[in-house]
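Coordinates as given in work19.csv (CSV, C-alpha atoms):
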```csv
chain,number,residue,atom,x,y,z
A,214,MET,CA,-36.1,19.3,-7.3
A,215,ASN,CA,-36.1,17.9,-3.8
A,216,GLY,CA,-34.2,20.1,-1.2
A,217,TYR,CA,-32.0,17.2,0.0
A,218,VAL,CA,-31.0,16.2,-3.6
A,219,LEU,CA,-30.3,19.9,-4.3
A,220,ALA,CA,-28.2,20.3,-1.1
A,221,ALA,CA,-26.2,17.1,-1.8
A,222,ASN,CA,-25.5,18.1,-5.4
A,223,ALA,CA,-24.6,21.7,-4.5
A,224,ALA,CA,-22.2,20.5,-1.8
A,225,VAL,CA,-20.4,18.0,-4.0
A,226,TRP,CA,-20.1,20.1,-7.2
A,227,ILE,CA,-19.1,23.4,-5.4
A,228,PHE,CA,-16.4,21.6,-3.4
A,229,LEU,CA,-15.1,19.7,-6.4
A,230,ALA,CA,-15.1,22.9,-8.6
A,231,ALA,CA,-13.4,24.9,-5.8
A,232,TYR,CA,-10.6,22.2,-5.4
A,233,ALA,CA,-10.1,22.1,-9.2
A,234,ALA,CA,-9.9,25.9,-9.4
A,235,ALA,CA,-7.4,25.9,-6.5
A,236,LEU,CA,-5.3,23.4,-8.3
A,237,VAL,CA,-5.2,25.4,-11.5
A,238,LEU,CA,-4.2,28.6,-9.6
A,239,ARG,CA,-1.6,26.8,-7.5
A,240,GLY,CA,-0.2,25.2,-10.7
A,241,ARG,CA,0.1,28.6,-12.4
A,242,SER,CA,1.7,30.2,-9.4
A,243,ILE,CA,4.3,27.4,-8.9
A,244,SER,CA,5.2,27.3,-12.6
A,245,LYS,CA,5.7,31.1,-12.6
A,246,ARG,CA,7.9,30.8,-9.5
A,247,LEU,CA,9.9,27.9,-11.1
A,248,LYS,CA,10.6,30.0,-14.2
A,249,GLN,CA,11.9,32.9,-12.0
A,250,LEU,CA,14.1,30.5,-10.1
A,251,GLU,CA,15.5,28.9,-13.2
A,252,MET,CA,16.2,32.4,-14.7
A,253,LEU,CA,18.1,33.4,-11.6
A,254,ARG,CA,20.1,30.2,-11.7
A,255,ASP,CA,21.1,30.8,-15.4
B,4,MET,CA,-2.4,12.0,-22.3
B,5,PRO,CA,-2.1,15.8,-21.5
B,6,ILE,CA,-4.0,16.8,-18.3
B,7,ARG,CA,-6.1,19.4,-20.2
B,8,LEU,CA,-7.4,16.7,-22.6
B,9,LEU,CA,-8.1,14.4,-19.6
B,10,ALA,CA,-9.9,17.3,-17.8
B,11,ALA,CA,-12.1,18.0,-20.8
B,12,LEU,CA,-12.9,14.2,-21.0
B,13,SER,CA,-13.8,14.3,-17.3
B,14,VAL,CA,-16.2,17.2,-17.8
B,15,LEU,CA,-17.8,15.4,-20.7
B,16,ALA,CA,-18.0,12.1,-18.8
B,17,LEU,CA,-19.6,13.9,-15.7
B,18,ALA,CA,-22.1,15.6,-18.0
B,19,VAL,CA,-23.0,12.2,-19.5
B,20,GLY,CA,-23.3,10.8,-16.0
B,21,GLN,CA,-25.7,13.5,-15.0
B,22,TRP,CA,-27.8,12.7,-18.1
B,23,PHE,CA,-27.9,9.1,-16.9
B,24,ILE,CA,-28.9,10.2,-13.4
B,25,TRP,CA,-31.7,12.6,-14.4
B,26,SER,CA,-33.0,11.1,-17.7
B,27,TYR,CA,-32.1,7.5,-17.9
B,28,ALA,CA,-32.3,6.0,-14.4
B,29,PRO,CA,-35.9,5.2,-13.3
B,30,LEU,CA,-37.3,6.7,-10.1
B,31,GLU,CA,-36.9,4.4,-7.1
B,32,GLU,CA,-40.3,3.4,-5.7
B,33,THR,CA,-39.7,3.8,-2.0
B,34,MET,CA,-37.3,6.8,-1.8
B,35,GLY,CA,-38.2,8.6,-4.9
B,36,VAL,CA,-35.8,11.3,-6.2
B,37,VAL,CA,-33.7,11.3,-3.0
B,38,GLN,CA,-32.3,7.9,-4.1
B,39,LYS,CA,-30.5,9.8,-6.9
B,40,ILE,CA,-28.0,11.1,-4.4
B,41,PHE,CA,-26.6,7.5,-4.3
B,42,TYR,CA,-25.3,7.9,-7.9
B,43,ILE,CA,-22.8,10.6,-6.8
B,44,HIS,CA,-22.3,9.3,-3.2
B,45,MET,CA,-21.1,5.8,-4.2
B,46,PRO,CA,-18.5,6.9,-6.8
B,47,LEU,CA,-17.1,9.4,-4.4
B,48,ALA,CA,-16.8,6.8,-1.6
B,49,TRP,CA,-15.3,4.2,-4.1
B,50,TRP,CA,-12.6,6.5,-5.5
B,51,SER,CA,-11.7,7.8,-2.0
B,52,LEU,CA,-10.9,4.2,-1.1
B,53,VAL,CA,-8.9,3.8,-4.3
B,54,SER,CA,-7.0,7.0,-3.3
B,55,PHE,CA,-6.1,5.6,0.1
B,56,PHE,CA,-4.9,2.3,-1.6
B,57,VAL,CA,-2.6,4.5,-3.8
B,58,VAL,CA,-1.3,6.2,-0.6
B,59,PHE,CA,-0.6,2.8,0.8
B,60,CYS,CA,1.2,1.5,-2.3
B,61,ALA,CA,3.2,4.8,-2.7
B,62,SER,CA,4.1,4.7,1.0
B,63,VAL,CA,5.4,1.1,0.8
B,64,ARG,CA,7.4,2.1,-2.3
B,65,HIS,CA,8.9,5.1,-0.5
B,66,LEU,CA,9.9,3.0,2.5
B,67,LEU,CA,11.6,0.5,0.1
B,68,LYS,CA,13.2,3.0,-2.3
B,69,ARG,CA,13.2,6.3,-0.5
B,70,ASP,CA,12.4,8.2,-3.7
B,71,ALA,CA,10.7,11.7,-3.7
B,72,GLY,CA,8.3,10.6,-6.5
B,73,SER,CA,6.5,8.1,-4.3
B,74,ASP,CA,6.2,10.6,-1.4
B,75,ILE,CA,4.7,13.2,-3.8
B,76,LEU,CA,2.2,10.6,-5.2
B,77,ALA,CA,1.2,9.6,-1.7
B,78,GLY,CA,0.5,13.2,-0.7
B,79,ALA,CA,-1.5,13.9,-3.9
B,80,ALA,CA,-3.6,10.8,-3.5
B,81,ALA,CA,-4.2,11.5,0.2
B,82,GLU,CA,-5.4,15.0,-0.5
B,83,ILE,CA,-7.9,13.8,-3.2
B,84,GLY,CA,-9.0,10.9,-0.9
B,85,VAL,CA,-9.8,13.3,2.0
B,86,LEU,CA,-11.7,15.5,-0.4
B,87,MET,CA,-13.7,12.7,-1.9
B,88,SER,CA,-14.4,10.8,1.4
B,89,GLY,CA,-15.4,14.1,3.0
B,90,LEU,CA,-17.9,14.7,0.2
B,91,ALA,CA,-19.1,11.1,0.5
B,92,LEU,CA,-19.7,11.8,4.2
B,93,ILE,CA,-21.6,15.0,3.5
B,94,SER,CA,-23.8,13.5,0.7
B,95,GLY,CA,-24.4,10.4,2.8
B,96,SER,CA,-25.4,12.5,5.7
B,97,ILE,CA,-27.9,14.4,3.6
B,98,TRP,CA,-29.2,11.1,2.2
B,99,GLY,CA,-29.5,9.8,5.8
B,100,ARG,CA,-31.6,12.7,6.9
B,101,ALA,CA,-34.0,12.0,4.0
B,102,ALA,CA,-34.0,8.2,4.4
B,103,TRP,CA,-33.5,7.6,8.2
B,104,ASN,CA,-34.6,11.0,9.5
B,105,VAL,CA,-31.2,11.6,11.1
B,106,TRP,CA,-28.2,13.5,9.9
B,107,TRP,CA,-25.8,11.0,11.6
B,108,THR,CA,-25.9,7.7,13.3
B,109,TRP,CA,-23.0,5.7,14.9
B,110,ASP,CA,-23.4,2.9,12.4
B,111,PRO,CA,-20.3,0.7,11.7
B,112,ARG,CA,-19.9,1.9,8.1
B,113,LEU,CA,-20.3,5.6,9.0
B,114,THR,CA,-18.1,5.4,12.1
B,115,THR,CA,-15.2,3.6,10.3
B,116,THR,CA,-15.5,6.1,7.4
B,117,LEU,CA,-15.4,9.1,9.8
B,118,ILE,CA,-12.3,7.6,11.6
B,119,MET,CA,-10.7,7.0,8.2
B,120,TRP,CA,-11.4,10.7,7.2
B,121,PHE,CA,-9.8,12.0,10.5
B,122,VAL,CA,-6.7,9.7,10.1
B,123,TYR,CA,-6.0,10.9,6.6
B,124,ALA,CA,-6.8,14.5,7.5
B,125,GLY,CA,-4.2,14.1,10.3
B,126,TYR,CA,-1.8,12.6,7.6
B,127,LEU,CA,-2.2,15.8,5.6
B,128,VAL,CA,-1.5,18.0,8.6
B,129,LEU,CA,1.6,15.9,9.2
B,130,ARG,CA,2.7,16.4,5.6
B,131,GLY,CA,2.4,20.2,6.1
B,132,SER,CA,4.5,20.1,9.2
B,133,ASP,CA,8.0,21.6,9.3
B,134,MET,CA,9.9,18.4,10.2
B,135,GLY,CA,12.6,18.4,7.5
B,136,GLY,CA,12.2,16.9,4.1
B,137,GLU,CA,13.4,13.3,4.3
B,138,ARG,CA,12.3,12.7,7.9
B,139,ARG,CA,8.8,14.1,7.2
B,140,ALA,CA,8.6,11.8,4.1
B,141,LEU,CA,9.6,8.8,6.1
B,142,VAL,CA,7.2,9.5,9.0
B,143,CYS,CA,4.4,10.1,6.5
B,144,ALA,CA,5.2,6.9,4.6
B,145,VAL,CA,4.9,4.9,7.9
B,146,LEU,CA,1.6,6.6,8.7
B,147,GLY,CA,0.4,6.0,5.1
B,148,VAL,CA,0.9,2.3,5.6
B,149,VAL,CA,-0.6,2.1,9.1
B,150,ALA,CA,-3.6,4.3,8.2
B,151,PHE,CA,-4.6,1.8,5.5
B,152,LEU,CA,-5.6,-0.7,8.2
B,153,ASP,CA,-8.9,1.1,8.5
B,154,VAL,CA,-9.7,1.0,4.7
B,155,PRO,CA,-10.7,-2.7,4.5
B,156,LEU,CA,-12.7,-2.2,7.7
B,157,VAL,CA,-14.7,0.6,5.9
B,158,PHE,CA,-15.3,-1.7,2.9
B,159,TYR,CA,-16.4,-4.8,4.8
B,160,SER,CA,-18.0,-3.0,7.8
B,161,ALA,CA,-21.5,-3.2,6.3
B,162,ARG,CA,-21.1,-7.0,5.9
B,163,ILE,CA,-19.2,-7.9,9.1
B,164,TRP,CA,-21.4,-6.0,11.5
B,165,ARG,CA,-25.0,-5.2,11.6
B,166,SER,CA,-25.3,-2.0,9.6
B,167,VAL,CA,-28.2,0.1,8.5
B,168,HIS,CA,-26.0,1.3,5.6
B,169,PRO,CA,-26.9,-0.5,2.3
B,170,ALA,CA,-24.2,-2.9,1.0
B,171,VAL,CA,-25.0,-2.6,-2.7
B,172,LEU,CA,-21.9,-4.4,-4.0
B,173,ALA,CA,-22.2,-7.2,-1.4
B,174,SER,CA,-25.8,-8.1,-2.2
B,175,GLN,CA,-26.6,-9.8,-5.5
B,176,GLY,CA,-27.8,-6.9,-7.7
B,177,GLY,CA,-28.4,-4.8,-4.6
B,178,GLY,CA,-32.1,-4.5,-5.4
B,179,LEU,CA,-31.2,-2.2,-8.3
B,180,GLU,CA,-32.8,-2.4,-11.7
B,181,PRO,CA,-30.5,-2.8,-14.8
B,182,GLU,CA,-30.9,0.9,-15.8
B,183,MET,CA,-29.9,1.9,-12.2
B,184,TRP,CA,-26.8,-0.3,-12.5
B,185,HIS,CA,-25.9,1.3,-15.9
B,186,THR,CA,-26.1,4.7,-14.2
B,187,VAL,CA,-23.9,3.5,-11.3
B,188,LEU,CA,-21.3,2.2,-13.7
B,189,VAL,CA,-21.3,5.3,-16.0
B,190,ASN,CA,-20.9,7.6,-12.9
B,191,LEU,CA,-18.2,5.4,-11.5
B,192,ALA,CA,-16.3,5.7,-14.7
B,193,ALA,CA,-16.9,9.5,-14.9
B,194,PHE,CA,-15.7,10.1,-11.4
B,195,GLY,CA,-12.8,7.8,-12.2
B,196,CYS,CA,-11.8,10.2,-15.0
B,197,LEU,CA,-12.1,13.2,-12.6
B,198,TRP,CA,-10.1,11.3,-9.9
B,199,LEU,CA,-7.3,10.6,-12.4
B,200,THR,CA,-7.2,14.2,-13.7
B,201,LEU,CA,-7.1,15.6,-10.1
B,202,LEU,CA,-4.4,13.1,-9.1
B,203,LEU,CA,-2.1,13.9,-12.1
B,204,ALA,CA,-2.6,17.6,-11.7
B,205,ARG,CA,-1.8,17.5,-8.0
B,206,GLN,CA,1.2,15.2,-8.6
B,207,ARG,CA,2.5,17.7,-11.2
B,208,ILE,CA,2.2,20.5,-8.7
B,209,GLY,CA,4.0,18.4,-6.1
B,210,ARG,CA,6.9,17.7,-8.5
B,211,ALA,CA,7.1,21.5,-9.4
B,212,GLU,CA,7.2,22.4,-5.7
B,213,GLU,CA,9.9,19.8,-5.1
B,214,ARG,CA,12.0,21.3,-8.0
B,215,ALA,CA,11.5,24.8,-6.7
B,216,ARG,CA,12.6,23.8,-3.2
B,217,ALA,CA,15.7,22.2,-4.7
B,218,LEU,CA,16.5,25.3,-6.7
B,219,MET,CA,16.1,27.5,-3.6
B,220,LEU,CA,18.5,25.3,-1.7
B,221,SER,CA,21.1,25.3,-4.4
B,222,ARG,CA,21.2,29.1,-4.5
```

How does the structure come out when it is put into structure tokens?
Amino acid sequence: MNGYVLAANAAVWIFLAAYAAALVLRGRSISKRLKQLEMLRD
Amino acid sequence: MPIRLLAALSVLALAVGQWFIWSYAPLEETMGVVQKIFYIHMPLAWWSLVSFFVVFCASVRHLLKRDAGSDILAGAAAEIGVLMSGLALISGSIWGRAAWNVWWTWDPRLTTTLIMWFVYAGYLVLRGSDMGGERRALVCAVLGVVAFLDVPLVFYSARIWRSVHPAVLASQGGGLEPEMWHTVLVNLAAFGCLWLTLLLARQRIGRAEERARALMLSR
């Protein structure tokens, strides 16, 4: 595969995968925090 | 539709899109395999503009109704728009190096896109600032409306001014063969699925953060 095509694809898919992974981790972290806060309130 | 199902659908659609790029679309005569960058570059640019339109609509709604939901949606769309326009700039720059022999040129389309990226990156910095909830949301909504002024300029720049950037949608057929158009449309739809998944996921996180903030304040 051409180096330019490889570089463009690598950049796009790595950044998109990293953002999606960061969203998953952030989602898990905030839902855990939310559960703790709701338990404290009850 | 649950986000997990939508995410699985996006992965499947992106895989189908890749099959169209590498197996279905013919090799372009002049540029060869490098032209295939266009099939990921164009959907990224397109959905980033849609993101900024969502920021504009949500900001107008926030200014009219002052609801937290619109502010959260605007923030989510801006984040995804900055990511996708950033990736469109990177992939476009790599394509430019192969096609024009330069990484960057101050062409109207490229320049307006870079300005747009900086404006919305600034918008995200403003969203992260410690200005106080309602005031920050109001200032961001105003910026969300004003920032959108650059978006039509980006879209029409290649037609209004002399631009080296190809205006595929403006020209009849854009010099693309039917198989190439099918590939463009499939990838546009696939990236649309991904865009919607990321937007809904980010919006859900925003809502949860808002709820956590409210619970903290009520303690």

Residue hits in chain A, query chain B, radius 7 Å, all atoms listed in the file, as a PyMOL selection string: chain A and resi 217-218+221+225+236+240+243-244+247+250

B:Leu66, B:Ala71, B:Leu9, B:Val14: which is nearest Ala230 in chain A, counting all atoms listed in the file?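 Of B:Leu66, B:Ala71, B:Leu9, B:Val14, the one nearest Ala230 in chain A is B:Val14, counting all atoms listed in the file.
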
Box for range 215-230 of chain A - axis-aligned, 6 Å on each of the six sides, all listed atoms - centre and size in Å to one decimal, as lines of an AutoDock Vina configuration file.
```
center_x = -25.6
center_y = 19.8
center_z = -4.3
size_x = 33.0
size_y = 19.2
size_z = 20.6
```

Provide the CA of Leu219 in chain A to CA of Leu92 in chain B distance in Å, to one decimal place.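 Going from CA of Leu219 in chain A over to CA of Leu92 in chain B, I get 15.8 Å.
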
What is the distance, in Å and to one decimal place, between CA of Leu67 in chain B and CA of Ala80 in chain B? 18.7 Å

Just the residues within 12 Å of Lys68 in chain B, please, counting all atoms listed in the file, with nothing from its chain fewer than 5 positions along; format it as a ChimeraX atom specification. /B:61-63,73-74,140-141,144

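For the residues B:Trp164, B:Trp109, B:Tyr42, B:Trp25, ranking by smallest atom-to-atom distance to Val189 in chain B using all atoms listed in the file places B:Tyr42 first.
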
Surrounding residues of Phe151 in chain B excluding itself and chain neighbours under 2 positions, 8 Å, all atoms listed in the file, as a list in words: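 Listing them by chain and then by number gives Phe55, Phe56, Phe59, Gly147, Val148, Val149, Asp153, Val154 and Pro155 of chain B.
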
Using all atoms listed in the file, which of the listed residues (B:Thr114, B:Ser88, B:Asn190, B:Ser26) sits closest to His168 in chain B? B:Thr114

What does the distance between CA of His185 in chain B and CA of Leu113 in chain B come to in Å, to one decimal place?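 Atom-to-atom, CA of His185 in chain B to CA of Leu113 in chain B, that is 25.9 Å.
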
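Using only C-alpha atoms, the residues found no farther than 8 Å from Leu127 in chain B, other than those of its own chain fewer than 2 positions away, are Gly78, Ala81, Glu82, Tyr123, Ala124, Gly125, Leu129, Arg130 and Gly131 of chain B.
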
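In this comparison, which uses all atoms listed in the file, the residue of B:Ala192, B:Cys143, B:Ile24, B:Val157 approaching His65 in chain B most closely is B:Cys143.
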
Nearest to Ala150 in chain B among B:Ala217, B:Leu199, B:Ile163, B:Val122, with distances taken over all atoms listed in the file: which residue is it?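 Ranked by minimum distance to Ala150 in chain B, first place goes to B:Val122.
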
Give me range 24-48 of chain B with N, CA and C atoms filled in, as a PDB file, keeping the file's coordinate frame.
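Saved to out.pdb:
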```pdb
ATOM      1  N   ILE B  24     -28.272  10.025 -14.701  1.00  0.00           N
ATOM      2  CA  ILE B  24     -28.900  10.200 -13.400  1.00  0.00           C
ATOM      3  C   ILE B  24     -30.366  10.724 -13.570  1.00  0.00           C
ATOM      4  N   TRP B  25     -30.456  11.817 -14.332  1.00  0.00           N
ATOM      5  CA  TRP B  25     -31.700  12.600 -14.400  1.00  0.00           C
ATOM      6  C   TRP B  25     -32.680  12.135 -15.472  1.00  0.00           C
ATOM      7  N   SER B  26     -32.139  11.506 -16.547  1.00  0.00           N
ATOM      8  CA  SER B  26     -33.000  11.100 -17.700  1.00  0.00           C
ATOM      9  C   SER B  26     -33.164   9.641 -17.882  1.00  0.00           C
ATOM     10  N   TYR B  27     -32.120   8.897 -17.580  1.00  0.00           N
ATOM     11  CA  TYR B  27     -32.100   7.500 -17.900  1.00  0.00           C
ATOM     12  C   TYR B  27     -32.568   6.590 -16.739  1.00  0.00           C
ATOM     13  N   ALA B  28     -32.012   6.829 -15.557  1.00  0.00           N
ATOM     14  CA  ALA B  28     -32.300   6.000 -14.400  1.00  0.00           C
ATOM     15  C   ALA B  28     -33.769   6.175 -13.957  1.00  0.00           C
ATOM     16  N   PRO B  29     -34.492   5.078 -13.719  1.00  0.00           N
ATOM     17  CA  PRO B  29     -35.900   5.200 -13.300  1.00  0.00           C
ATOM     18  C   PRO B  29     -35.944   5.725 -11.813  1.00  0.00           C
ATOM     19  N   LEU B  30     -37.085   6.272 -11.456  1.00  0.00           N
ATOM     20  CA  LEU B  30     -37.300   6.700 -10.100  1.00  0.00           C
ATOM     21  C   LEU B  30     -37.488   5.544  -9.158  1.00  0.00           C
ATOM     22  N   GLU B  31     -36.752   5.519  -8.059  1.00  0.00           N
ATOM     23  CA  GLU B  31     -36.900   4.400  -7.100  1.00  0.00           C
ATOM     24  C   GLU B  31     -38.221   4.512  -6.381  1.00  0.00           C
ATOM     25  N   GLU B  32     -38.897   3.368  -6.225  1.00  0.00           N
ATOM     26  CA  GLU B  32     -40.300   3.400  -5.700  1.00  0.00           C
ATOM     27  C   GLU B  32     -40.417   3.918  -4.305  1.00  0.00           C
ATOM     28  N   THR B  33     -39.554   3.451  -3.387  1.00  0.00           N
ATOM     29  CA  THR B  33     -39.700   3.800  -2.000  1.00  0.00           C
ATOM     30  C   THR B  33     -39.166   5.224  -1.689  1.00  0.00           C
ATOM     31  N   MET B  34     -37.942   5.511  -2.152  1.00  0.00           N
ATOM     32  CA  MET B  34     -37.300   6.800  -1.800  1.00  0.00           C
ATOM     33  C   MET B  34     -37.572   7.913  -2.739  1.00  0.00           C
ATOM     34  N   GLY B  35     -37.932   7.579  -3.956  1.00  0.00           N
ATOM     35  CA  GLY B  35     -38.200   8.600  -4.900  1.00  0.00           C
ATOM     36  C   GLY B  35     -36.910   9.277  -5.419  1.00  0.00           C
ATOM     37  N   VAL B  36     -36.978  10.590  -5.617  1.00  0.00           N
ATOM     38  CA  VAL B  36     -35.800  11.300  -6.200  1.00  0.00           C
ATOM     39  C   VAL B  36     -34.615  11.368  -5.291  1.00  0.00           C
ATOM     40  N   VAL B  37     -34.830  11.214  -3.981  1.00  0.00           N
ATOM     41  CA  VAL B  37     -33.700  11.300  -3.000  1.00  0.00           C
ATOM     42  C   VAL B  37     -32.690  10.158  -3.296  1.00  0.00           C
ATOM     43  N   GLN B  38     -33.151   9.031  -3.830  1.00  0.00           N
ATOM     44  CA  GLN B  38     -32.300   7.900  -4.100  1.00  0.00           C
ATOM     45  C   GLN B  38     -31.169   8.305  -5.119  1.00  0.00           C
ATOM     46  N   LYS B  39     -31.440   9.353  -5.920  1.00  0.00           N
ATOM     47  CA  LYS B  39     -30.500   9.800  -6.900  1.00  0.00           C
ATOM     48  C   LYS B  39     -29.176  10.300  -6.329  1.00  0.00           C
ATOM     49  N   ILE B  40     -29.191  10.660  -5.049  1.00  0.00           N
ATOM     50  CA  ILE B  40     -28.000  11.100  -4.400  1.00  0.00           C
ATOM     51  C   ILE B  40     -26.941   9.923  -4.379  1.00  0.00           C
ATOM     52  N   PHE B  41     -27.456   8.698  -4.335  1.00  0.00           N
ATOM     53  CA  PHE B  41     -26.600   7.500  -4.300  1.00  0.00           C
ATOM     54  C   PHE B  41     -25.649   7.474  -5.531  1.00  0.00           C
ATOM     55  N   TYR B  42     -26.093   7.983  -6.702  1.00  0.00           N
ATOM     56  CA  TYR B  42     -25.300   7.900  -7.900  1.00  0.00           C
ATOM     57  C   TYR B  42     -24.025   8.815  -7.855  1.00  0.00           C
ATOM     58  N   ILE B  43     -24.030   9.820  -6.960  1.00  0.00           N
ATOM     59  CA  ILE B  43     -22.800  10.600  -6.800  1.00  0.00           C
ATOM     60  C   ILE B  43     -22.075  10.196  -5.503  1.00  0.00           C
ATOM     61  N   HIS B  44     -22.863   9.730  -4.520  1.00  0.00           N
ATOM     62  CA  HIS B  44     -22.300   9.300  -3.200  1.00  0.00           C
ATOM     63  C   HIS B  44     -21.387   8.095  -3.378  1.00  0.00           C
ATOM     64  N   MET B  45     -21.874   7.094  -4.089  1.00  0.00           N
ATOM     65  CA  MET B  45     -21.100   5.800  -4.200  1.00  0.00           C
ATOM     66  C   MET B  45     -19.800   5.998  -4.968  1.00  0.00           C
ATOM     67  N   PRO B  46     -19.776   6.679  -6.145  1.00  0.00           N
ATOM     68  CA  PRO B  46     -18.500   6.900  -6.800  1.00  0.00           C
ATOM     69  C   PRO B  46     -17.472   7.655  -5.965  1.00  0.00           C
ATOM     70  N   LEU B  47     -17.967   8.658  -5.221  1.00  0.00           N
ATOM     71  CA  LEU B  47     -17.100   9.400  -4.400  1.00  0.00           C
ATOM     72  C   LEU B  47     -16.424   8.541  -3.314  1.00  0.00           C
ATOM     73  N   ALA B  48     -17.265   7.703  -2.676  1.00  0.00           N
ATOM     74  CA  ALA B  48     -16.800   6.800  -1.600  1.00  0.00           C
ATOM     75  C   ALA B  48     -15.773   5.792  -2.241  1.00  0.00           C
TER      76      ALA B  48
END
```
